[in-house]
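One structure is given below, encoded as structure tokens.
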Amino acid sequence: MHISTDIWIWIAAILTLCIYSFLYKDNPFYKFAEHLLVGVSAGYFFVIYFWNLVVPNLLTPLKTGFGTLFSGGGFTGDLAALVPGILGLIILTRLIPKIAWMSRWAIGFYFGAFQGIIITGYMQAYILAQIYGTFMKGADPVFSIAYFGNFFGDPSWGKVLLAVSGPLMIVGVICTLTYFFFSTEHKGFVGGVAKIGIVFLMIGFGASFGYTVMARVSLLIGRLQFLLRDWLGIIS
Amino acid sequence: MNLYEKFLHIDRRYIFIFVALGVIIPLIWPLGLAVTTSPPVENVYKAIEELEPGTPVLVSVDYDPSTQPELSPMTVAVLRHCFYRDLPVIITVLHPGGPGLALEISDRISKEMGATYGEDYVFLGYKVGGSAVILSMGQDFQVSFPADYFNTPIDDIPLMKNVRNYNDVGLVITMSGSTYPEVWVAYAHERYGQKIAAGVTAVMAADYYPFLQTGQLVGLIGGLKGAAEYEKLIERPDDGLKGMDAQTIVHLFVVLMILLGNLAFFFVKRAKKREAA
């Protein structure tokens, strides 16, 4: 056992214990650590964004642009940074109720530009490629009678999975989409299909829940590895 | 109150104690339980194995300390694998909380593996913009990263002399605790045809399986289990494999609690029905 002599390790360890003390009940130590985290995070992100966003994309080009302008070099492209700079300042008008409407210009510009950038990429990645992937894997179809023929000719687990997984996926996609189709009342045939969709959804949620448990336990393992190794030196 | 009712109203702090013991005991006295590898993780390994030595790999550290216990072990394992295979590594960060983590890991692993900065790896640092940065790297790295993290112009870095855009990069691996893999797929893969692999937290892993089916991701490392699998594949055990005993014990405990909780619920319900009758 080699307890750390590093002051920062001790601070991190004590703050970790303060946070975990909430598991017993809410207390001032937890509140202190929670508020410290929020404050430090806000300060950290402000500094990061200022030096990585505001300085290189706004202040530096403006400094260069105005420097050139006032030394007689005329207007340069650097001064174009004024446009996003002014739009950014306009967003702050939300703090003044009388002229808060002006902020909509900047928000509208941002929404329009962002939609223009993402629509094509996301349409391809999320809609077209996924529709293709529902029916095809590479150049091969996910569902083929030949897969069943191969299985019955020479049965094996791999072949039965190959034969069954494709149709199962297609049925799952159609049934799940039917569940989210609200223009028709979920009765009769549509209701039955939607109910099968719920089964697929529940299986999906179950898989996600299992993964979520694993994720949360992993975070606990990480913290306890820190406490037992870096702080107390009990494990290697 | 009978035994079943008592179980349904058990103080949750007892459960916390058992979970804590389930993690602490295997960490101190490892059980050495077996870890098997899965195709999504094997595919990331194969994608790196198939690259010719000297082919640059871009590792994007797109996470912050809140997901560090899951994502750092896999980042470390992937960096070690790249250095074993003599693949130069370009490290970028698209998450504002990531630069410190990326710097610490790259420093530590490069020293351990004897990798030289500027030749075997380069750290380009953090850039604001997400999708815009990914798009611009498809044209020219110089646009988004004119200099590395230490303000050295990338033209002066030997590794970057032959790297202009994605055409010169063999594989992109994004380590992410949020939706960055989707952005990499939408822009770097769909627009430029770049091969993408992802290392994600376990919470997100189920969401990315459809991208494996379509081939938009060549492989996926999911959570601490994925990191442990990768450590097994490169035969270099570390935090991932060390944590798997605890992971297994706690999972068994959670499954047991779910089963007992449901049994107790139904027994109590049946007893109440009988009483009412």
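Scheme for the structure tokens: letters A, B, ... for chains in order shown; per-chain residue numbers from 1; ligand numbers from 1 in order shown.
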- Task: Do me a favour and pick out the residues of chain A within 9 Å of chain B, using only C-alpha atoms, as a PyMOL selection string.
- Result: chain A and resi 23-24+44-45+48-49+52-53+117-118+120-126+129-130+132-134+136-138+204+207-225+228+234-236
Keeping only N, CA and C atoms, take the residues you just selected and write them out as a compact mmCIF listing (two decimals), in the first residue's frame.
# COMPACT_ATOMS: atom_id res chain seq x y z
N LEU A 23 -24.95 8.96 -2.04
CA LEU A 23 -25.61 7.64 -2.03
C LEU A 23 -26.19 7.34 -0.64
N TYR A 24 -25.58 7.92 0.39
CA TYR A 24 -26.14 7.75 1.74
C TYR A 24 -27.33 8.69 1.90
N TYR A 44 -14.10 26.59 -17.39
CA TYR A 44 -13.25 25.87 -18.34
C TYR A 44 -13.78 26.04 -19.76
N PHE A 45 -15.10 25.80 -19.92
CA PHE A 45 -15.66 25.88 -21.28
C PHE A 45 -15.63 27.31 -21.81
N ILE A 48 -12.05 27.81 -23.01
CA ILE A 48 -11.80 27.00 -24.21
C ILE A 48 -12.46 27.64 -25.43
N TYR A 49 -13.74 28.01 -25.30
CA TYR A 49 -14.45 28.59 -26.45
C TYR A 49 -13.90 29.96 -26.81
N ASN A 52 -10.49 29.26 -28.57
CA ASN A 52 -10.57 28.42 -29.77
C ASN A 52 -11.61 28.88 -30.77
N LEU A 53 -12.54 29.73 -30.34
CA LEU A 53 -13.61 30.16 -31.25
C LEU A 53 -13.55 31.67 -31.47
N ILE A 117 -26.12 22.60 -44.43
CA ILE A 117 -24.93 21.75 -44.31
C ILE A 117 -25.33 20.30 -44.01
N ILE A 118 -26.30 20.11 -43.10
CA ILE A 118 -26.53 18.73 -42.63
C ILE A 118 -27.50 17.91 -43.46
N THR A 120 -28.00 17.08 -46.64
CA THR A 120 -27.53 16.09 -47.62
C THR A 120 -26.81 14.93 -46.94
N GLY A 121 -25.90 15.26 -46.03
CA GLY A 121 -25.12 14.22 -45.35
C GLY A 121 -26.00 13.29 -44.55
N TYR A 122 -26.93 13.85 -43.80
CA TYR A 122 -27.77 13.03 -42.94
C TYR A 122 -28.81 12.26 -43.75
N MET A 123 -29.30 12.85 -44.84
CA MET A 123 -30.24 12.14 -45.70
C MET A 123 -29.59 10.86 -46.23
N GLN A 124 -28.34 10.98 -46.65
CA GLN A 124 -27.63 9.82 -47.17
C GLN A 124 -27.32 8.81 -46.06
N ALA A 125 -26.78 9.33 -44.92
CA ALA A 125 -26.33 8.44 -43.85
C ALA A 125 -27.48 7.76 -43.12
N TYR A 126 -28.56 8.51 -42.89
CA TYR A 126 -29.63 8.00 -42.03
C TYR A 126 -30.80 7.40 -42.79
N ALA A 129 -28.92 5.16 -46.94
CA ALA A 129 -28.04 4.02 -46.64
C ALA A 129 -28.74 3.02 -45.72
N GLN A 130 -29.59 3.50 -44.80
CA GLN A 130 -30.27 2.59 -43.89
C GLN A 130 -31.36 1.79 -44.60
N TYR A 132 -31.26 0.96 -47.77
CA TYR A 132 -30.49 -0.02 -48.54
C TYR A 132 -30.03 -1.15 -47.62
N GLY A 133 -29.52 -0.78 -46.44
CA GLY A 133 -28.98 -1.76 -45.50
C GLY A 133 -30.04 -2.68 -44.92
N THR A 134 -31.30 -2.26 -44.97
CA THR A 134 -32.38 -3.12 -44.48
C THR A 134 -32.59 -4.31 -45.41
N MET A 136 -30.21 -5.09 -48.15
CA MET A 136 -28.97 -5.59 -48.74
C MET A 136 -27.83 -5.50 -47.74
N LYS A 137 -26.92 -6.47 -47.81
CA LYS A 137 -25.68 -6.36 -47.05
C LYS A 137 -24.56 -6.40 -48.06
N GLY A 138 -23.96 -5.23 -48.33
CA GLY A 138 -23.01 -5.13 -49.43
C GLY A 138 -23.76 -5.34 -50.73
N GLY A 204 -35.20 -4.04 -28.30
CA GLY A 204 -34.20 -2.98 -28.48
C GLY A 204 -33.93 -2.23 -27.18
N ALA A 207 -31.84 -4.37 -24.83
CA ALA A 207 -30.41 -4.36 -25.19
C ALA A 207 -29.77 -3.05 -24.73
N SER A 208 -30.48 -1.94 -24.94
CA SER A 208 -29.94 -0.64 -24.53
C SER A 208 -29.79 -0.57 -23.01
N PHE A 209 -30.78 -1.16 -22.28
CA PHE A 209 -30.70 -1.12 -20.82
C PHE A 209 -29.51 -1.93 -20.33
N GLY A 210 -29.31 -3.11 -20.94
CA GLY A 210 -28.15 -3.93 -20.56
C GLY A 210 -26.86 -3.16 -20.75
N TYR A 211 -26.74 -2.50 -21.90
CA TYR A 211 -25.54 -1.70 -22.19
C TYR A 211 -25.42 -0.54 -21.20
N THR A 212 -26.58 0.03 -20.81
CA THR A 212 -26.55 1.17 -19.89
C THR A 212 -26.03 0.75 -18.52
N VAL A 213 -26.48 -0.43 -18.06
CA VAL A 213 -25.98 -0.95 -16.78
C VAL A 213 -24.45 -1.08 -16.87
N MET A 214 -24.00 -1.65 -18.01
CA MET A 214 -22.56 -1.84 -18.18
C MET A 214 -21.82 -0.51 -18.15
N ALA A 215 -22.41 0.51 -18.78
CA ALA A 215 -21.76 1.83 -18.83
C ALA A 215 -21.64 2.41 -17.43
N ARG A 216 -22.72 2.33 -16.66
CA ARG A 216 -22.69 2.93 -15.32
C ARG A 216 -21.71 2.19 -14.41
N VAL A 217 -21.70 0.85 -14.53
CA VAL A 217 -20.75 0.07 -13.72
C VAL A 217 -19.31 0.42 -14.12
N SER A 218 -19.10 0.64 -15.42
CA SER A 218 -17.76 0.99 -15.90
C SER A 218 -17.28 2.29 -15.27
N LEU A 219 -18.20 3.26 -15.13
CA LEU A 219 -17.82 4.53 -14.52
C LEU A 219 -17.42 4.31 -13.06
N LEU A 220 -18.18 3.44 -12.37
CA LEU A 220 -17.85 3.13 -10.97
C LEU A 220 -16.49 2.43 -10.90
N ILE A 221 -16.28 1.49 -11.81
CA ILE A 221 -14.99 0.78 -11.83
C ILE A 221 -13.85 1.78 -12.03
N GLY A 222 -14.04 2.72 -12.96
CA GLY A 222 -13.01 3.73 -13.23
C GLY A 222 -12.68 4.55 -11.99
N ARG A 223 -13.72 4.96 -11.27
CA ARG A 223 -13.49 5.78 -10.07
C ARG A 223 -12.81 4.96 -8.97
N LEU A 224 -13.28 3.69 -8.81
CA LEU A 224 -12.69 2.87 -7.75
C LEU A 224 -11.25 2.47 -8.11
N GLN A 225 -10.97 2.29 -9.40
CA GLN A 225 -9.58 2.04 -9.80
C GLN A 225 -8.71 3.25 -9.42
N LEU A 228 -8.38 3.19 -5.51
CA LEU A 228 -7.58 2.09 -4.98
C LEU A 228 -6.15 2.09 -5.51
N ILE A 234 -3.39 0.50 -3.38
CA ILE A 234 -3.67 -0.88 -2.96
C ILE A 234 -3.52 -1.85 -4.13
N ILE A 235 -3.94 -1.39 -5.34
CA ILE A 235 -3.82 -2.28 -6.52
C ILE A 235 -2.80 -1.70 -7.48
N SER A 236 -2.33 -2.53 -8.40
CA SER A 236 -1.29 -2.06 -9.34
C SER A 236 -1.94 -1.62 -10.64
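Neighbours of Thr36 in chain B closer than or equal to 12 Å, with only C-alpha atoms counted and sequence neighbours fewer than 4 positions away skipped, come out as Val41, Glu42, Lys225, Gly226, Ala227, Ala228, Glu229, Tyr230, Glu231, Lys232, Leu233, Leu241 and Met244 of chain B.
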Writing out the chosen residues with N, CA, C and O atoms as a short mmCIF file (atom, residue, chain, number, x, y, z; two decimals), in the first residue's frame:
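selection-v3.cif, written as the output of this step:
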data_model
loop_
_atom_site.label_atom_id
_atom_site.label_comp_id
_atom_site.auth_asym_id
_atom_site.auth_seq_id
_atom_site.Cartn_x
_atom_site.Cartn_y
_atom_site.Cartn_z
N VAL B 41 -15.60 -5.65 -32.72
CA VAL B 41 -14.28 -5.24 -32.22
C VAL B 41 -13.18 -5.86 -33.09
O VAL B 41 -12.19 -5.20 -33.43
N GLU B 42 -13.38 -7.14 -33.45
CA GLU B 42 -12.38 -7.80 -34.30
C GLU B 42 -12.22 -7.05 -35.62
O GLU B 42 -11.12 -6.98 -36.17
N LYS B 225 -16.21 -3.30 -22.07
CA LYS B 225 -16.10 -4.67 -22.61
C LYS B 225 -15.37 -4.64 -23.95
O LYS B 225 -14.50 -5.47 -24.22
N GLY B 226 -15.73 -3.66 -24.80
CA GLY B 226 -15.06 -3.52 -26.09
C GLY B 226 -13.58 -3.24 -25.91
O GLY B 226 -12.73 -3.81 -26.61
N ALA B 227 -13.25 -2.38 -24.93
CA ALA B 227 -11.85 -2.06 -24.67
C ALA B 227 -11.09 -3.31 -24.22
O ALA B 227 -9.96 -3.57 -24.65
N ALA B 228 -11.76 -4.11 -23.35
CA ALA B 228 -11.13 -5.35 -22.85
C ALA B 228 -10.88 -6.31 -24.02
O ALA B 228 -9.82 -6.94 -24.10
N GLU B 229 -11.85 -6.40 -24.93
CA GLU B 229 -11.68 -7.28 -26.10
C GLU B 229 -10.49 -6.81 -26.93
O GLU B 229 -9.69 -7.62 -27.41
N TYR B 230 -10.37 -5.50 -27.10
CA TYR B 230 -9.26 -4.98 -27.92
C TYR B 230 -7.92 -5.26 -27.26
O TYR B 230 -6.94 -5.62 -27.92
N GLU B 231 -7.89 -5.11 -25.92
CA GLU B 231 -6.65 -5.40 -25.18
C GLU B 231 -6.28 -6.88 -25.35
O GLU B 231 -5.11 -7.23 -25.45
N LYS B 232 -7.30 -7.74 -25.38
CA LYS B 232 -7.04 -9.17 -25.58
C LYS B 232 -6.48 -9.42 -26.98
O LYS B 232 -5.56 -10.20 -27.16
N LEU B 233 -7.07 -8.72 -27.97
CA LEU B 233 -6.62 -8.92 -29.36
C LEU B 233 -5.17 -8.50 -29.56
O LEU B 233 -4.43 -9.14 -30.30
N LEU B 241 -9.33 -5.02 -19.35
CA LEU B 241 -9.41 -6.40 -18.88
C LEU B 241 -9.45 -6.48 -17.36
O LEU B 241 -10.14 -7.33 -16.80
N MET B 244 -13.01 -6.20 -16.06
CA MET B 244 -14.07 -7.11 -16.52
C MET B 244 -14.57 -8.07 -15.45
O MET B 244 -15.72 -8.49 -15.46
#
- Task: Might you pull out every residue within 6 Å of range 185-199 of chain A, with only C-alpha atoms counted and same-chain residues fewer than 5 positions away left off, and present them as a PyMOL selection string?
- Result: chain A and resi 175-176+178-179
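Our summary of the geometry notes that CA of Ile173 in chain B is positioned 24.9 Å from CA of Ala139 in chain A.
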- Message: Let's see if you can do this: from backbone DSSP, list all strand (DSSP E) residues in range 8-254 of chain B, as a PyMOL selection string.
- Response: chain B and resi 57-62+89-93+121-126+171-176+196-200+219-222
- Message: Which of range 10-54 of chain A end up as alpha helix (DSSP H) when DSSP is run on this backbone - answer as a PyMOL selection string?
- Response: chain A and resi 10-20+28-49
- Note on the structure: Students should find that CA of Lys273 in chain B and CA of His9 in chain B are spaced 19.4 Å
- Task: Have a look at CA of Tyr4 in chain B and CA of Ala264 in chain B and let me know their distance in Å, one decimal.
- Result: 4.9 Å
- Note on the structure: In terms of only C-alpha atoms, the residue from B:Lys161, B:Arg274, B:Lys46, B:His81 at minimal distance from Ile109 in chain B is B:His81
- Task: Fewer than 5 positions away in the same chain doesn't count, so skip those; otherwise give me all residues within 10 Å of Leu62 in chain A, counting only C-alpha atoms, as a list in words.
- Result: Val55, Pro56, Asn57, Gly67, Thr68, Thr76, Gly77, Asp78, Leu79, Ala80, Ala81, Leu82 and Gly85 of chain A
